file query_3.txt (compact mmCIF, C-alpha atoms)
# COMPACT_ATOMS: atom_id res chain seq x y z
CA MET L 1 -20.76 -91.30 68.33
CA THR L 2 -18.73 -92.21 71.45
CA ARG L 3 -18.20 -95.82 72.54
CA ALA L 4 -17.91 -97.05 76.16
CA GLY L 5 -17.51 -100.48 77.69
CA ALA L 6 -20.09 -99.54 80.32
CA VAL L 7 -22.00 -96.38 81.19
CA VAL L 8 -22.80 -95.51 84.81
CA ILE L 9 -25.48 -92.82 85.05
CA GLY L 10 -24.88 -90.91 88.29
CA GLY L 11 -21.69 -89.60 89.85
CA GLY L 12 -22.66 -89.91 93.48
CA LEU L 13 -21.17 -92.35 95.96
CA ILE L 14 -23.09 -95.35 94.61
CA GLY L 15 -22.31 -94.67 90.96
CA LEU L 16 -18.62 -94.09 91.67
CA SER L 17 -18.39 -97.26 93.79
CA VAL L 18 -19.95 -99.19 90.90
CA ALA L 19 -17.48 -97.64 88.43
CA ARG L 20 -14.60 -98.51 90.74
CA ALA L 21 -15.72 -102.11 91.10
CA LEU L 22 -16.33 -102.63 87.37
CA ALA L 23 -12.93 -101.16 86.49
CA GLU L 24 -11.20 -103.26 89.16
CA ARG L 25 -12.83 -106.40 87.75
CA GLY L 26 -11.58 -105.75 84.23
CA ILE L 27 -14.47 -103.95 82.50
CA ALA L 28 -12.66 -101.70 80.04
CA ASP L 29 -13.55 -98.06 79.43
CA VAL L 30 -16.19 -97.43 82.07
CA LEU L 31 -17.82 -94.02 81.56
CA VAL L 32 -19.52 -92.16 84.43
CA LEU L 33 -22.02 -89.48 83.43
CA GLU L 34 -22.99 -86.97 86.12
CA ARG L 35 -25.59 -84.29 85.41
CA HIS L 36 -24.07 -81.78 87.86
CA GLN L 37 -20.89 -82.26 89.90
CA LEU L 38 -19.60 -85.41 91.59
CA ALA L 39 -21.15 -86.13 95.00
CA GLY L 40 -23.43 -83.12 94.54
CA GLY L 41 -26.76 -84.83 95.28
CA GLY L 42 -27.68 -87.09 98.17
CA THR L 43 -24.03 -87.97 98.81
CA GLY L 44 -23.23 -84.44 99.91
CA LYS L 45 -26.08 -84.49 102.45
CA SER L 46 -25.26 -87.86 104.03
CA SER L 47 -24.79 -87.96 107.79
CA GLY L 48 -22.06 -90.53 107.14
CA ILE L 49 -22.83 -93.04 109.89
CA VAL L 50 -20.96 -96.34 109.75
CA ARG L 51 -22.91 -99.24 111.30
CA ALA L 52 -24.12 -102.74 110.52
CA HIS L 53 -27.34 -102.65 112.52
CA TYR L 54 -30.11 -103.71 110.13
CA GLY L 55 -33.01 -106.10 110.48
CA VAL L 56 -32.56 -107.38 106.90
CA PRO L 57 -29.70 -109.92 107.04
CA SER L 58 -28.40 -109.17 103.53
CA ILE L 59 -28.21 -105.42 104.26
CA ALA L 60 -26.45 -106.08 107.57
CA ALA L 61 -24.00 -108.36 105.74
CA MET L 62 -23.32 -105.66 103.13
CA ALA L 63 -22.60 -103.14 105.87
CA TRP L 64 -20.25 -105.56 107.60
CA ARG L 65 -18.43 -106.39 104.33
CA SER L 66 -17.96 -102.64 103.87
CA GLN L 67 -16.57 -102.01 107.38
CA PRO L 68 -12.91 -102.83 106.55
CA VAL L 69 -12.92 -100.19 103.79
CA PHE L 70 -13.55 -97.43 106.32
CA GLU L 71 -10.94 -98.83 108.67
CA GLU L 72 -8.32 -99.10 105.91
CA LEU L 73 -8.95 -95.60 104.54
CA GLY L 74 -9.23 -93.96 107.96
CA ALA L 75 -8.50 -90.22 107.92
CA GLU L 76 -8.54 -90.16 104.11
CA VAL L 77 -12.34 -90.38 104.28
CA GLY L 78 -12.74 -88.74 107.70
CA PHE L 79 -13.47 -92.02 109.49
CA ARG L 80 -13.74 -91.73 113.27
CA GLN L 81 -14.20 -95.10 114.96
CA VAL L 82 -16.09 -93.88 118.01
CA GLY L 83 -18.50 -96.85 118.16
CA TYR L 84 -22.23 -97.08 117.46
CA THR L 85 -25.12 -97.73 119.84
CA VAL L 86 -28.82 -98.48 119.38
CA ILE L 87 -30.87 -97.68 122.48
CA VAL L 88 -34.44 -98.91 123.04
CA GLY L 89 -37.27 -98.83 125.54
CA GLU L 90 -39.06 -101.85 126.96
CA GLU L 91 -41.29 -102.23 123.87
CA ASN L 92 -38.26 -102.91 121.67
CA VAL L 93 -36.15 -105.14 123.90
CA ASP L 94 -37.21 -108.31 122.07
CA PRO L 95 -36.45 -107.08 118.52
CA LEU L 96 -33.15 -105.56 119.66
CA THR L 97 -32.14 -108.85 121.25
CA ALA L 98 -33.18 -110.83 118.17
CA ASN L 99 -31.47 -108.48 115.72
CA THR L 100 -28.26 -108.47 117.73
CA ALA L 101 -28.23 -112.28 117.77
CA MET L 102 -28.77 -112.30 114.01
CA HIS L 103 -25.87 -109.90 113.56
CA GLN L 104 -23.60 -112.05 115.69
CA GLY L 105 -24.55 -115.01 113.50
CA LEU L 106 -23.27 -113.03 110.50
CA GLY L 107 -19.94 -112.47 112.30
CA ILE L 108 -20.61 -108.83 113.16
CA ASP L 109 -18.73 -107.50 116.19
CA VAL L 110 -21.65 -106.42 118.38
CA GLU L 111 -22.96 -107.00 121.90
CA LEU L 112 -25.92 -106.16 124.09
CA ILE L 113 -25.03 -103.81 126.95
CA ASP L 114 -27.00 -102.65 129.99
CA THR L 115 -27.63 -99.06 130.99
CA ASP L 116 -24.70 -98.96 133.40
CA ARG L 117 -22.29 -99.79 130.58
CA LEU L 118 -24.09 -97.37 128.29
CA ALA L 119 -23.74 -94.58 130.84
CA SER L 120 -20.02 -95.28 131.15
CA LEU L 121 -19.64 -94.94 127.37
CA TRP L 122 -21.81 -91.80 127.28
CA PRO L 123 -21.49 -89.82 130.57
CA MET L 124 -23.88 -87.02 129.45
CA LEU L 125 -26.63 -89.39 128.28
CA ASN L 126 -29.96 -89.72 130.11
CA VAL L 127 -30.63 -93.47 130.39
CA ASP L 128 -33.74 -93.30 132.63
CA ASP L 129 -36.11 -94.47 129.89
CA VAL L 130 -33.62 -96.82 128.19
CA ALA L 131 -34.12 -100.55 128.75
CA LEU L 132 -31.27 -102.03 126.67
CA ALA L 133 -28.63 -101.11 124.11
CA SER L 134 -26.70 -102.80 121.33
CA TYR L 135 -23.11 -101.69 120.86
CA GLU L 136 -20.83 -101.96 117.82
CA PRO L 137 -17.32 -100.91 118.90
CA ARG L 138 -16.08 -100.76 115.28
CA GLY L 139 -18.80 -98.37 114.13
CA GLY L 140 -18.59 -94.60 113.87
CA PHE L 141 -18.87 -92.07 111.08
CA ALA L 142 -17.02 -90.78 108.03
CA ASP L 143 -17.40 -88.32 105.15
CA ALA L 144 -19.48 -89.56 102.21
CA SER L 145 -18.15 -86.98 99.76
CA GLN L 146 -14.55 -87.91 100.51
CA LEU L 147 -15.35 -91.60 100.00
CA ALA L 148 -17.10 -90.84 96.70
CA LEU L 149 -14.13 -88.87 95.39
CA HIS L 150 -11.79 -91.64 96.55
CA TYR L 151 -13.77 -94.11 94.45
CA GLY L 152 -13.66 -91.69 91.54
CA ARG L 153 -9.86 -91.62 91.74
CA LEU L 154 -9.66 -95.41 91.91
CA ALA L 155 -11.94 -95.73 88.89
CA ARG L 156 -9.90 -93.23 86.87
CA ASP L 157 -6.66 -94.96 87.85
CA ARG L 158 -8.07 -98.13 86.27
CA GLY L 159 -9.08 -96.50 83.04
CA ALA L 160 -12.56 -95.16 83.74
CA ARG L 161 -13.69 -91.78 82.40
CA ILE L 162 -15.85 -89.31 84.31
CA ARG L 163 -17.86 -86.52 82.69
CA GLN L 164 -19.50 -83.96 84.94
CA HIS L 165 -22.30 -81.56 83.92
CA THR L 166 -23.45 -84.15 81.40
CA PRO L 167 -27.15 -84.98 81.83
CA VAL L 168 -28.53 -88.11 80.18
CA ALA L 169 -31.73 -87.56 78.19
CA ARG L 170 -32.64 -91.20 77.62
CA ILE L 171 -31.42 -94.77 77.52
CA LEU L 172 -31.36 -96.30 74.04
CA THR L 173 -32.49 -99.83 73.28
CA GLU L 174 -33.14 -102.09 70.32
CA GLY L 175 -35.59 -104.88 71.04
CA ASP L 176 -34.60 -106.30 74.41
CA LYS L 177 -31.03 -104.98 74.44
CA VAL L 178 -29.34 -101.76 75.56
CA THR L 179 -27.51 -99.98 72.75
CA GLY L 180 -26.44 -96.74 74.43
CA VAL L 181 -27.52 -93.45 75.97
CA GLU L 182 -28.41 -90.11 74.45
CA LEU L 183 -27.18 -86.99 76.21
CA ASP L 184 -29.17 -83.78 76.60
CA GLY L 185 -27.22 -82.12 73.81
CA GLY L 186 -27.99 -84.95 71.39
CA GLU L 187 -24.67 -86.78 71.62
CA VAL L 188 -25.00 -90.58 71.63
CA VAL L 189 -22.77 -92.90 73.63
CA ASP L 190 -22.78 -96.45 72.27
CA THR L 191 -22.61 -99.20 74.92
CA ASP L 192 -23.97 -102.65 75.75
CA LEU L 193 -24.13 -102.01 79.51
CA VAL L 194 -25.90 -99.20 81.40
CA ILE L 195 -26.06 -98.97 85.19
CA VAL L 196 -28.64 -96.44 86.40
CA ALA L 197 -27.44 -95.06 89.75
CA SER L 198 -29.25 -91.72 89.77
CA GLY L 199 -31.21 -91.90 92.99
CA TRP L 200 -34.60 -90.21 92.71
CA TRP L 201 -34.03 -89.35 89.03
CA SER L 202 -33.64 -93.01 88.05
CA ALA L 203 -37.42 -93.45 87.88
CA LYS L 204 -37.80 -90.98 84.97
CA LEU L 205 -35.11 -92.66 82.87
CA LEU L 206 -36.73 -96.05 83.41
CA ALA L 207 -40.28 -94.79 82.87
CA ASP L 208 -39.29 -93.76 79.34
CA LEU L 209 -38.61 -97.47 78.74
CA GLY L 210 -41.93 -98.53 80.25
CA ILE L 211 -40.32 -99.70 83.50
CA ASP L 212 -41.99 -98.73 86.78
CA PHE L 213 -39.57 -97.97 89.60
CA PRO L 214 -41.70 -96.89 92.58
CA VAL L 215 -39.64 -94.35 94.51
CA GLU L 216 -40.49 -91.23 96.50
CA ALA L 217 -38.34 -88.19 97.33
CA TYR L 218 -38.54 -87.76 101.11
CA ARG L 219 -37.08 -84.63 102.71
CA SER L 220 -35.14 -85.13 105.95
CA GLU L 221 -33.89 -82.26 108.10
CA LEU L 222 -30.68 -82.24 110.14
CA LEU L 223 -29.47 -79.89 112.86
CA VAL L 224 -25.95 -79.08 113.97
CA VAL L 225 -25.94 -78.30 117.70
CA ASP L 226 -23.18 -76.77 119.78
CA ALA L 227 -23.06 -78.63 123.11
CA GLY L 228 -21.51 -75.67 124.92
CA VAL L 229 -18.48 -77.74 125.92
CA PRO L 230 -15.78 -79.69 124.00
CA LEU L 231 -16.88 -83.30 123.49
CA PRO L 232 -14.67 -86.39 123.67
CA ASP L 233 -14.99 -89.24 121.17
CA LEU L 234 -18.50 -90.41 122.07
CA PRO L 235 -20.34 -93.22 120.26
CA VAL L 236 -22.96 -92.53 117.62
CA VAL L 237 -26.43 -92.92 119.18
CA SER L 238 -29.46 -94.31 117.37
CA ASP L 239 -32.20 -93.46 119.83
CA LEU L 240 -35.30 -95.58 119.18
CA VAL L 241 -36.98 -94.23 122.30
CA SER L 242 -36.99 -90.57 121.22
CA LEU L 243 -36.67 -91.48 117.50
CA GLN L 244 -33.55 -89.50 116.70
CA TYR L 245 -29.94 -90.21 115.81
CA CYS L 246 -26.92 -88.19 116.86
CA ARG L 247 -23.21 -88.09 116.24
CA LEU L 248 -20.25 -85.82 116.82
CA GLU L 249 -19.54 -83.05 114.33
CA GLY L 250 -16.16 -81.42 114.77
CA GLN L 251 -15.27 -80.46 118.33
CA GLY L 252 -18.11 -79.61 120.69
CA GLN L 253 -20.77 -79.95 117.99
CA PHE L 254 -23.39 -82.59 117.40
CA LEU L 255 -25.29 -83.65 114.27
CA VAL L 256 -28.91 -84.58 115.00
CA GLY L 257 -31.25 -86.36 112.59
CA ASN L 258 -34.82 -87.63 112.66
CA SER L 259 -35.87 -91.31 112.93
CA ASP L 260 -39.61 -90.61 113.15
CA HIS L 261 -41.15 -91.05 109.70
CA ALA L 262 -44.80 -91.18 110.74
CA ASP L 263 -45.50 -88.05 108.67
CA PHE L 264 -43.91 -89.54 105.55
CA GLY L 265 -46.50 -88.23 103.09
CA ALA L 266 -46.20 -84.66 104.35
CA LYS L 267 -42.48 -84.55 103.60
CA LEU L 268 -42.45 -85.69 99.98
CA VAL L 269 -40.82 -83.06 97.76
CA ASP L 270 -39.49 -82.28 94.32
CA PRO L 271 -35.82 -83.32 94.67
CA ASP L 272 -34.79 -80.46 92.39
CA LYS L 273 -36.63 -77.84 94.42
CA TYR L 274 -36.91 -78.00 98.21
CA SER L 275 -35.99 -75.95 101.28
CA ASN L 276 -32.47 -76.61 102.52
CA ILE L 277 -33.08 -75.43 106.08
CA ALA L 278 -35.07 -76.98 108.92
CA SER L 279 -38.46 -75.51 109.76
CA GLU L 280 -39.05 -73.73 113.06
CA ALA L 281 -41.40 -76.56 114.13
CA SER L 282 -38.71 -79.16 113.43
CA ILE L 283 -36.08 -77.22 115.35
CA HIS L 284 -38.43 -77.04 118.36
CA ASN L 285 -39.20 -80.77 118.11
CA TYR L 286 -35.54 -81.76 117.77
CA ALA L 287 -34.56 -79.46 120.65
CA GLU L 288 -37.04 -81.08 123.04
CA LYS L 289 -35.72 -84.54 122.23
CA LEU L 290 -32.10 -83.42 122.48
CA ILE L 291 -32.51 -81.72 125.86
CA HIS L 292 -34.26 -84.82 127.20
CA ARG L 293 -31.60 -87.25 125.99
CA PHE L 294 -28.51 -85.11 126.69
CA PRO L 295 -29.15 -83.11 129.87
CA GLY L 296 -25.39 -83.04 130.45
CA PHE L 297 -24.88 -80.47 127.68
CA PRO L 298 -24.29 -77.26 129.67
CA ASP L 299 -25.38 -74.70 127.05
CA PRO L 300 -26.71 -76.32 123.84
CA SER L 301 -27.57 -74.11 120.86
CA VAL L 302 -28.40 -74.71 117.19
CA THR L 303 -25.61 -73.43 114.95
CA HIS L 304 -27.20 -74.29 111.60
CA SER L 305 -29.43 -76.77 109.80
CA TYR L 306 -29.79 -78.35 106.39
CA ALA L 307 -31.96 -80.90 104.61
CA GLY L 308 -31.37 -83.86 102.34
CA VAL L 309 -33.70 -86.01 100.29
CA TYR L 310 -33.94 -89.80 100.53
CA ASP L 311 -34.86 -91.90 97.48
CA VAL L 312 -37.41 -94.20 99.14
CA PRO L 313 -38.97 -97.33 97.59
CA PRO L 314 -42.05 -98.92 99.21
CA ASP L 315 -39.96 -101.08 101.59
CA TRP L 316 -37.14 -98.56 102.21
CA ASN L 317 -34.62 -100.94 100.64
CA PRO L 318 -32.65 -100.59 97.40
CA VAL L 319 -33.06 -102.15 94.00
CA ILE L 320 -29.78 -103.60 92.73
CA GLY L 321 -30.09 -105.75 89.64
CA PRO L 322 -31.26 -106.19 86.04
CA VAL L 323 -34.60 -104.54 85.21
CA GLY L 324 -37.28 -104.63 82.55
CA GLY L 325 -36.05 -107.78 80.87
CA ILE L 326 -33.64 -105.58 78.91
CA ASP L 327 -30.22 -107.15 78.43
CA GLY L 328 -27.47 -104.86 79.73
CA LEU L 329 -29.69 -102.62 81.89
CA ILE L 330 -29.06 -102.58 85.67
CA LEU L 331 -30.71 -100.40 88.30
CA CYS L 332 -28.87 -99.43 91.47
CA ALA L 333 -31.01 -96.95 93.42
CA GLY L 334 -33.56 -96.52 96.19
CA PHE L 335 -31.16 -96.54 99.14
CA ALA L 336 -33.41 -94.42 101.39
CA GLY L 337 -30.47 -92.72 103.10
CA HIS L 338 -28.61 -95.93 103.87
CA GLY L 339 -26.38 -96.22 100.81
CA PHE L 340 -23.26 -94.69 102.35
CA LYS L 341 -22.37 -97.40 104.81
CA ILE L 342 -23.00 -100.25 102.33
CA SER L 343 -21.60 -98.52 99.24
CA PRO L 344 -18.38 -100.58 99.01
CA ALA L 345 -20.37 -103.83 98.98
CA VAL L 346 -22.94 -102.40 96.55
CA GLY L 347 -20.26 -101.76 93.96
CA ASP L 348 -18.93 -105.29 94.44
CA LEU L 349 -22.42 -106.79 94.05
CA VAL L 350 -23.02 -104.95 90.78
CA ALA L 351 -19.67 -106.19 89.48
CA ASP L 352 -20.68 -109.73 90.47
CA LEU L 353 -23.95 -109.38 88.56
CA VAL L 354 -22.19 -108.11 85.44
CA ILE L 355 -19.32 -110.61 85.43
CA GLU L 356 -20.70 -113.69 87.20
CA GLY L 357 -24.42 -113.22 86.61
CA ASP L 358 -25.19 -113.53 90.33
CA SER L 359 -23.91 -112.62 93.77
CA THR L 360 -20.82 -114.53 94.89
CA ASP L 361 -21.59 -113.92 98.59
CA ALA L 362 -24.03 -116.40 100.13
CA ASP L 363 -25.02 -113.85 102.80
CA ILE L 364 -25.98 -111.29 100.13
CA PRO L 365 -28.42 -113.02 97.75
CA ALA L 366 -29.06 -110.93 94.65
CA ARG L 367 -32.71 -111.98 94.70
CA ASP L 368 -33.30 -109.79 97.75
CA PHE L 369 -32.77 -106.64 95.69
CA ARG L 370 -34.80 -107.41 92.56
CA LEU L 371 -37.23 -104.76 91.29
CA GLU L 372 -39.95 -107.35 90.75
CA ARG L 373 -40.42 -107.84 94.49
CA PHE L 374 -42.74 -104.82 94.64
CA ALA L 375 -45.15 -106.17 92.02
CA GLU L 376 -44.91 -109.61 93.63
CA GLY L 377 -45.81 -108.24 97.07
CA GLU L 378 -42.59 -109.64 98.57
CA HIS L 379 -41.09 -106.57 100.18
CA LEU L 380 -37.63 -106.80 101.71
CA SER L 381 -38.46 -106.30 105.37
CA SER L 382 -36.82 -106.59 108.75
CA LEU L 383 -37.04 -109.97 110.43
CA HIS L 384 -37.49 -108.18 113.76
CA PRO L 385 -38.94 -104.68 113.18
CA TYR L 386 -38.85 -101.98 115.83
CA VAL L 387 -42.04 -100.50 117.20
CA GLY L 388 -42.24 -96.92 115.96
CA ALA L 389 -39.17 -97.18 113.75
CA GLY L 390 -39.81 -99.81 111.11
CA GLU L 391 -37.68 -97.92 108.59
CA MET L 392 -34.67 -98.57 110.83
CA ARG L 393 -34.98 -102.14 109.52
call {"tool": "encode", "arguments": {"input": "query_3.txt", "output": "structure tokens"}}
result
Amino acid sequence: MTRAGAVVIGGGLIGLSVARALAERGIADVLVLERHQLAGGGTGKSSGIVRAHYGVPSIAAMAWRSQPVFEELGAEVGFRQVGYTVIVGEENVDPLTANTAMHQGLGIDVELIDTDRLASLWPMLNVDDVALASYEPRGGFADASQLALHYGRLARDRGARIRQHTPVARILTEGDKVTGVELDGGEVVDTDLVIVASGWWSAKLLADLGIDFPVEAYRSELLVVDAGVPLPDLPVVSDLVSLQYCRLEGQGQFLVGNSDHADFGAKLVDPDKYSNIASEASIHNYAEKLIHRFPGFPDPSVTHSYAGVYDVPPDWNPVIGPVGGIDGLILCAGFAGHGFKISPAVGDLVADLVIEGDSTDADIPARDFRLERFAEGEHLSSLHPYVGAGEMR
């Protein structure tokens, strides 16, 4: 039998951030167990956008608390501070205005800008159907895998252990307390603290304990487009008119993702078995939107595509906290594609819960992220949702 001070199940960005935070706060002998390789699941498919624009105040605060990490690490995690914009049509002017005011109240560096200013920031952008934009000059994008591996190094430097290709078969309990985990090969790791950070696979581990974690695996396709001309450092665009998001990728290339989730049920998949390329219909749909929004691209062409899978709870927001009334069991999953930009603050929140028993940040109440909210009918929802893009939050 092996002993650990804490076991983190999942070696993606969230699990490694949690391990880093626990080790930094003095939890001895943290053990990370990853069933495949580090950052090999959702982390490796992240589009890596850095922004604080959320309609849930606690999520926006977590993103803003995480911002300095990207700025401090810079090129080490591929951070490019090109700025971030949300553009809307007339139907979403009111929620954009309200959300931006809420963000400013949290201290976030953001402002509303008109289409003239937007066009000056983005010379190749069609603004004819844009009514207003919100601009975060400190936003941008980075590389999720590099950040995950950075956190893995920090955790190891502080005494944590990481085991790859080590699937967990089940979590062990006695009465209402965690006692350890059993690995697929039968080995038992004895511990009083287990943090489940396994994305879509977390539900199965919890179900074996009689705990219901409602989460769906939602496939999302991304295209990489060559603009036909070298591109300067242009801001990330979250387009809530065409329901797409776009950012630079290398030189002269553009990463394009989908913000239209109206066909949610049709895109649920087995996260262990799904197509990793975009369908022909999706490519056609993305291309129409892209040509409309960026008519300044002289010769755009799709270079390649890929697909990732979001772990999506009913309200598209994560669960971060104790679950099942079992002492020493914490769930940290359900990030619905938004975990990257808040991952530094997520690790810190989990460490707060373990050491202090509650969040130490008044803007990030732990109660927001409890699992029980689903059964209670108190979903964590945007204060000012966008028409056609509620999942944007």
call {"tool": "closest_residue", "arguments": {"input": "query_3.txt", "among": "L:Asn285, L:Ser58, L:Ser17, L:Ser145", "to": "Leu106 of chain L", "atoms": "all atoms listed in the file"}}
result
L:Ser58
call {"tool": "residues_around", "arguments": {"input": "query_3.txt", "residues": "segment 39-41 of chain L", "least_positions_apart": "4", "cutoff": "8 Å", "atoms": "all atoms listed in the file", "output": "list in words"}}
result
Gly11, Gly12, Leu13, Lys45, Ser145, Ala148 and Leu149 of chain L
call {"tool": "residues_around", "arguments": {"input": "query_3.txt", "residues": "Glu136 of chain L", "least_positions_apart": "5", "cutoff": "12 Å", "atoms": "only C-alpha atoms", "output": "NGL selection string"}}
result
:L and (50-53 or 64 or 67 or 81-87 or 100 or 103-104 or 107-113 or 118 or 121 or 235-238)
call {"tool": "closest_residue", "arguments": {"input": "query_3.txt", "among": "L:Leu31, L:Ile59, L:Ala23, L:Ala133", "to": "Leu240 of chain L", "atoms": "all atoms listed in the file"}}
result
L:Ala133
call {"tool": "closest_residue", "arguments": {"input": "query_3.txt", "among": "L:Cys332, L:Ala98, L:Leu383, L:Ile49", "to": "Arg370 of chain L", "atoms": "only C-alpha atoms"}}
result
L:Cys332
call {"tool": "atom_distance", "arguments": {"input": "query_3.txt", "atom1": "atom CA of Phe213 of chain L", "atom2": "atom CA of Val319 of chain L"}}
result
8.9 Å
call {"tool": "closest_atom_pairs", "arguments": {"input": "query_3.txt", "of": "segment 5-63 of chain L", "to": "segment 338-348 of chain L", "cutoff": "6 Å", "atoms": "all atoms listed in the file", "output": "JSON lines"}}
result
{"residue": "L:Ile14", "atom": "CA", "partner": "L:Ser343", "partner_atom": "CA", "distance": 5.8}
{"residue": "L:Ser17", "atom": "CA", "partner": "L:Gly347", "partner_atom": "CA", "distance": 4.9}
{"residue": "L:Val18", "atom": "CA", "partner": "L:Gly347", "partner_atom": "CA", "distance": 4.0}
{"residue": "L:Ala21", "atom": "CA", "partner": "L:Gly347", "partner_atom": "CA", "distance": 5.4}
{"residue": "L:Val50", "atom": "CA", "partner": "L:Lys341", "partner_atom": "CA", "distance": 5.2}
{"residue": "L:Met62", "atom": "CA", "partner": "L:Ala345", "partner_atom": "CA", "distance": 5.4}
{"residue": "L:Ala63", "atom": "CA", "partner": "L:Ile342", "partner_atom": "CA", "distance": 4.6}
call {"tool": "write_last_selection", "arguments": {"input": "query_3.txt", "atoms": "C-alpha atoms", "output": "tab-separated table (two decimals), in the coordinates of the input"}}
result
chain	number	residue	atom	x	y	z
L	14	ILE	CA	-23.09	-95.35	94.61
L	17	SER	CA	-18.39	-97.26	93.79
L	18	VAL	CA	-19.95	-99.19	90.90
L	21	ALA	CA	-15.72	-102.11	91.10
L	50	VAL	CA	-20.96	-96.34	109.75
L	62	MET	CA	-23.32	-105.66	103.13
L	63	ALA	CA	-22.60	-103.14	105.87
call {"tool": "atom_distance", "arguments": {"input": "query_3.txt", "atom1": "atom CA of Ser381 of chain L", "atom2": "atom CA of Pro322 of chain L"}}
result
20.6 Å
call {"tool": "residues_near_point", "arguments": {"input": "query_3.txt", "point": "(-23.7, -87.3, 75.9)", "cutoff": "7 Å", "atoms": "all atoms listed in the file", "output": "ChimeraX atom specification"}}
result
/L:166,168,182-189
call {"tool": "residues_near_point", "arguments": {"input": "query_3.txt", "point": "(-11.3, -104.2, 91.5)", "cutoff": "9 Å", "atoms": "only C-alpha atoms", "output": "number ranges by chain"}}
result
L: 20-26, 154-155, 158, 348, 351
call {"tool": "atom_distance", "arguments": {"input": "query_3.txt", "atom1": "atom CA of Phe369 of chain L", "atom2": "atom CA of Gly328 of chain L"}}
result
16.9 Å
call {"tool": "closest_residue", "arguments": {"input": "query_3.txt", "among": "L:Leu268, L:Leu371, L:Gly321, L:Ser301", "to": "Asp212 of chain L", "atoms": "all atoms listed in the file"}}
result
L:Leu371
call {"tool": "closest_residue", "arguments": {"input": "query_3.txt", "among": "L:Ala119, L:Val323, L:Ala217, L:Val224", "to": "Gly265 of chain L", "atoms": "all atoms listed in the file"}}
result
L:Ala217
call {"tool": "closest_residue", "arguments": {"input": "query_3.txt", "among": "L:Lys204, L:Lys177, L:Lys267, L:Arg3", "to": "Ser220 of chain L", "atoms": "all atoms listed in the file"}}
result
L:Lys267
call {"tool": "residues_around", "arguments": {"input": "query_3.txt", "residues": "Ala333 of chain L", "least_positions_apart": "2", "cutoff": "8 Å", "atoms": "all atoms listed in the file", "output": "number ranges by chain"}}
result
L: 196-200, 202, 311, 318-320, 331, 335
call {"tool": "residues_around", "arguments": {"input": "query_3.txt", "residues": "Asn126 of chain L", "least_positions_apart": "6", "cutoff": "12 Å", "atoms": "all atoms listed in the file", "output": "ChimeraX atom specification"}}
result
/L:87,115-116,118-120,237,239,241-242,289-297
call {"tool": "build_atoms", "arguments": {"input": "query_3.txt", "residues": "segment 148-159 of chain L", "atoms": "N, CA and C atoms", "output": "PDB file, in the frame of the given file"}}
result
ATOM      1  N   ALA L 148     -16.714 -90.865  98.114  1.00  0.00           N
ATOM      2  CA  ALA L 148     -17.100 -90.840  96.700  1.00  0.00           C
ATOM      3  C   ALA L 148     -15.939 -90.413  95.819  1.00  0.00           C
ATOM      4  N   LEU L 149     -15.247 -89.354  96.202  1.00  0.00           N
ATOM      5  CA  LEU L 149     -14.130 -88.870  95.390  1.00  0.00           C
ATOM      6  C   LEU L 149     -12.967 -89.862  95.397  1.00  0.00           C
ATOM      7  N   HIS L 150     -12.790 -90.570  96.507  1.00  0.00           N
ATOM      8  CA  HIS L 150     -11.790 -91.640  96.550  1.00  0.00           C
ATOM      9  C   HIS L 150     -12.107 -92.702  95.516  1.00  0.00           C
ATOM     10  N   TYR L 151     -13.378 -93.109  95.439  1.00  0.00           N
ATOM     11  CA  TYR L 151     -13.770 -94.110  94.450  1.00  0.00           C
ATOM     12  C   TYR L 151     -13.618 -93.569  93.026  1.00  0.00           C
ATOM     13  N   GLY L 152     -13.880 -92.278  92.850  1.00  0.00           N
ATOM     14  CA  GLY L 152     -13.660 -91.690  91.540  1.00  0.00           C
ATOM     15  C   GLY L 152     -12.207 -91.769  91.113  1.00  0.00           C
ATOM     16  N   ARG L 153     -11.289 -91.508  92.058  1.00  0.00           N
ATOM     17  CA  ARG L 153      -9.860 -91.620  91.740  1.00  0.00           C
ATOM     18  C   ARG L 153      -9.480 -93.052  91.399  1.00  0.00           C
ATOM     19  N   LEU L 154      -9.969 -94.004  92.195  1.00  0.00           N
ATOM     20  CA  LEU L 154      -9.660 -95.410  91.910  1.00  0.00           C
ATOM     21  C   LEU L 154     -10.167 -95.816  90.532  1.00  0.00           C
ATOM     22  N   ALA L 155     -11.380 -95.388  90.196  1.00  0.00           N
ATOM     23  CA  ALA L 155     -11.940 -95.730  88.890  1.00  0.00           C
ATOM     24  C   ALA L 155     -11.105 -95.137  87.770  1.00  0.00           C
ATOM     25  N   ARG L 156     -10.735 -93.873  87.900  1.00  0.00           N
ATOM     26  CA  ARG L 156      -9.900 -93.230  86.870  1.00  0.00           C
ATOM     27  C   ARG L 156      -8.551 -93.925  86.746  1.00  0.00           C
ATOM     28  N   ASP L 157      -7.958 -94.289  87.882  1.00  0.00           N
ATOM     29  CA  ASP L 157      -6.660 -94.960  87.850  1.00  0.00           C
ATOM     30  C   ASP L 157      -6.707 -96.268  87.072  1.00  0.00           C
ATOM     31  N   ARG L 158      -7.902 -96.860  86.988  1.00  0.00           N
ATOM     32  CA  ARG L 158      -8.070 -98.130  86.270  1.00  0.00           C
ATOM     33  C   ARG L 158      -8.716 -97.951  84.907  1.00  0.00           C
ATOM     34  N   GLY L 159      -8.661 -96.727  84.411  1.00  0.00           N
ATOM     35  CA  GLY L 159      -9.080 -96.500  83.040  1.00  0.00           C
ATOM     36  C   GLY L 159     -10.462 -95.933  82.832  1.00  0.00           C
TER      37      GLY L 159
END
